[in-house]
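K.L.:
The following block contains the structure, expressed as structure tokens.
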Amino acid sequence: MTTRFIANEEEQDVDRFGAVIVIMERLKIIDSADHWKLISERCNAVNHEYEDDGARLAEFFELMVGDTPTLVGCFTRLQAHGASTYSSLQ
């Protein structure tokens, strides 16, 4: 089950990922839309902007490791929400 699936099931706009993030915050699956966007920007930076700069890349990976508890919490809440709300679809 994905965040986009849940937004679609909630009959919300899923064309823009920013809208999906706001829905996930409203459903309390994520704690903060702003923090989630920051995590997403870090992932994009690792993949695109600093591939050749080892020191900068290490810095981003350290930040991402620090975000692991946030991501695990979001995943756990996403699973719980899906299981309780959409159990007939599983």
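Labels for the structure tokens follow display order: chains A, B, ..., residues from 1 in each chain, ligands from 1.
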At a cut-off of 9 Å, using only C-alpha atoms, what residues contact stretch 32-42 of chain A? Leave out same-chain residues fewer than 3 positions from it and give the result as an MDAnalysis selection string.

P.N.:
chainID A and resid 18 21:25 28 45:47 60:61 63:64 67 70:71

K.L.:
Please, could you write that set of residues out with N, CA and C atoms as a PDB file, in the first residue's frame?

P.N.:
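Writing done, so here's again_3.pdb:
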ATOM      1  N   GLY A  18       3.103  16.835  -3.677  1.00  0.00           N
ATOM      2  CA  GLY A  18       2.946  17.728  -2.529  1.00  0.00           C
ATOM      3  C   GLY A  18       1.565  17.611  -1.906  1.00  0.00           C
ATOM      4  N   ILE A  21       1.435  14.457   0.170  1.00  0.00           N
ATOM      5  CA  ILE A  21       2.136  14.645   1.442  1.00  0.00           C
ATOM      6  C   ILE A  21       1.241  15.354   2.457  1.00  0.00           C
ATOM      7  N   VAL A  22       0.508  16.350   2.012  1.00  0.00           N
ATOM      8  CA  VAL A  22      -0.402  17.068   2.906  1.00  0.00           C
ATOM      9  C   VAL A  22      -1.484  16.125   3.428  1.00  0.00           C
ATOM     10  N   ILE A  23      -1.983  15.251   2.569  1.00  0.00           N
ATOM     11  CA  ILE A  23      -2.990  14.271   2.995  1.00  0.00           C
ATOM     12  C   ILE A  23      -2.397  13.327   4.030  1.00  0.00           C
ATOM     13  N   MET A  24      -1.173  12.879   3.800  1.00  0.00           N
ATOM     14  CA  MET A  24      -0.532  11.961   4.739  1.00  0.00           C
ATOM     15  C   MET A  24      -0.317  12.629   6.101  1.00  0.00           C
ATOM     16  N   GLU A  25      -0.036  13.928   6.091  1.00  0.00           N
ATOM     17  CA  GLU A  25       0.100  14.664   7.344  1.00  0.00           C
ATOM     18  C   GLU A  25      -1.260  14.765   8.052  1.00  0.00           C
ATOM     19  N   LYS A  28      -2.130  11.755   9.801  1.00  0.00           N
ATOM     20  CA  LYS A  28      -1.147  11.478  10.859  1.00  0.00           C
ATOM     21  C   LYS A  28      -0.241  10.294  10.518  1.00  0.00           C
ATOM     22  N   ALA A  45      19.184  14.907  -3.813  1.00  0.00           N
ATOM     23  CA  ALA A  45      20.532  15.475  -3.858  1.00  0.00           C
ATOM     24  C   ALA A  45      21.582  14.377  -3.915  1.00  0.00           C
ATOM     25  N   VAL A  46      21.374  13.324  -3.148  1.00  0.00           N
ATOM     26  CA  VAL A  46      22.326  12.207  -3.161  1.00  0.00           C
ATOM     27  C   VAL A  46      22.386  11.593  -4.547  1.00  0.00           C
ATOM     28  N   ASN A  47      21.250  11.462  -5.187  1.00  0.00           N
ATOM     29  CA  ASN A  47      21.194  10.811  -6.497  1.00  0.00           C
ATOM     30  C   ASN A  47      21.644  11.692  -7.651  1.00  0.00           C
ATOM     31  N   PHE A  60      25.320  14.015   3.338  1.00  0.00           N
ATOM     32  CA  PHE A  60      23.924  13.705   3.060  1.00  0.00           C
ATOM     33  C   PHE A  60      23.535  12.334   3.619  1.00  0.00           C
ATOM     34  N   PHE A  61      24.429  11.358   3.485  1.00  0.00           N
ATOM     35  CA  PHE A  61      24.121  10.029   4.013  1.00  0.00           C
ATOM     36  C   PHE A  61      23.980  10.058   5.535  1.00  0.00           C
ATOM     37  N   LEU A  63      22.881  12.581   7.276  1.00  0.00           N
ATOM     38  CA  LEU A  63      21.573  13.181   7.517  1.00  0.00           C
ATOM     39  C   LEU A  63      20.459  12.161   7.268  1.00  0.00           C
ATOM     40  N   MET A  64      20.609  11.373   6.221  1.00  0.00           N
ATOM     41  CA  MET A  64      19.593  10.382   5.891  1.00  0.00           C
ATOM     42  C   MET A  64      19.539   9.274   6.948  1.00  0.00           C
ATOM     43  N   ASP A  67      17.506  10.364   9.641  1.00  0.00           N
ATOM     44  CA  ASP A  67      16.077  10.371   9.320  1.00  0.00           C
ATOM     45  C   ASP A  67      15.446   8.981   9.355  1.00  0.00           C
ATOM     46  N   THR A  70      12.399   8.392  11.573  1.00  0.00           N
ATOM     47  CA  THR A  70      11.223   9.068  11.019  1.00  0.00           C
ATOM     48  C   THR A  70      10.606   8.225   9.917  1.00  0.00           C
ATOM     49  N   LEU A  71      11.436   7.705   9.026  1.00  0.00           N
ATOM     50  CA  LEU A  71      10.943   6.893   7.914  1.00  0.00           C
ATOM     51  C   LEU A  71      10.314   5.595   8.393  1.00  0.00           C
TER      52      LEU A  71
END

K.L.:
As an exercise, work out the distance from atom CA of A:Arg26 to atom CA of A:Ser84 in Å and give it to one decimal place.

P.N.:
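According to the coordinates, atom CA of A:Arg26 and atom CA of A:Ser84 are separated by 16.4 Å.
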
K.L.:
Give me, please, the distance in Å between atom CA of A:Cys74 and atom CA of A:Arg56, quoted to one decimal.

P.N.:
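Value for the atom CA of A:Cys74-atom CA of A:Arg56 distance: 26.5 Å.
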
K.L.:
What separation in Å, quoted to one decimal, exists between atom CA of A:Ala83 and atom CA of A:Gly66?

P.N.:
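A separation of 27.6 Å between them.
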
K.L.:
May I ask which of the residues A:Cys43, A:Glu62, A:Asp53, A:Ile29 is the closest one to A:Gln79, counting only C-alpha atoms?

P.N.:
A:Ile29

K.L.:
From the set A:His48, A:Asp31, A:Gly54, A:Tyr86, which residue has the shortest atom-to-atom contact distance to A:Gly73, counting only C-alpha atoms?

P.N.:
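Closest residue, counting only C-alpha atoms: A:Asp31.
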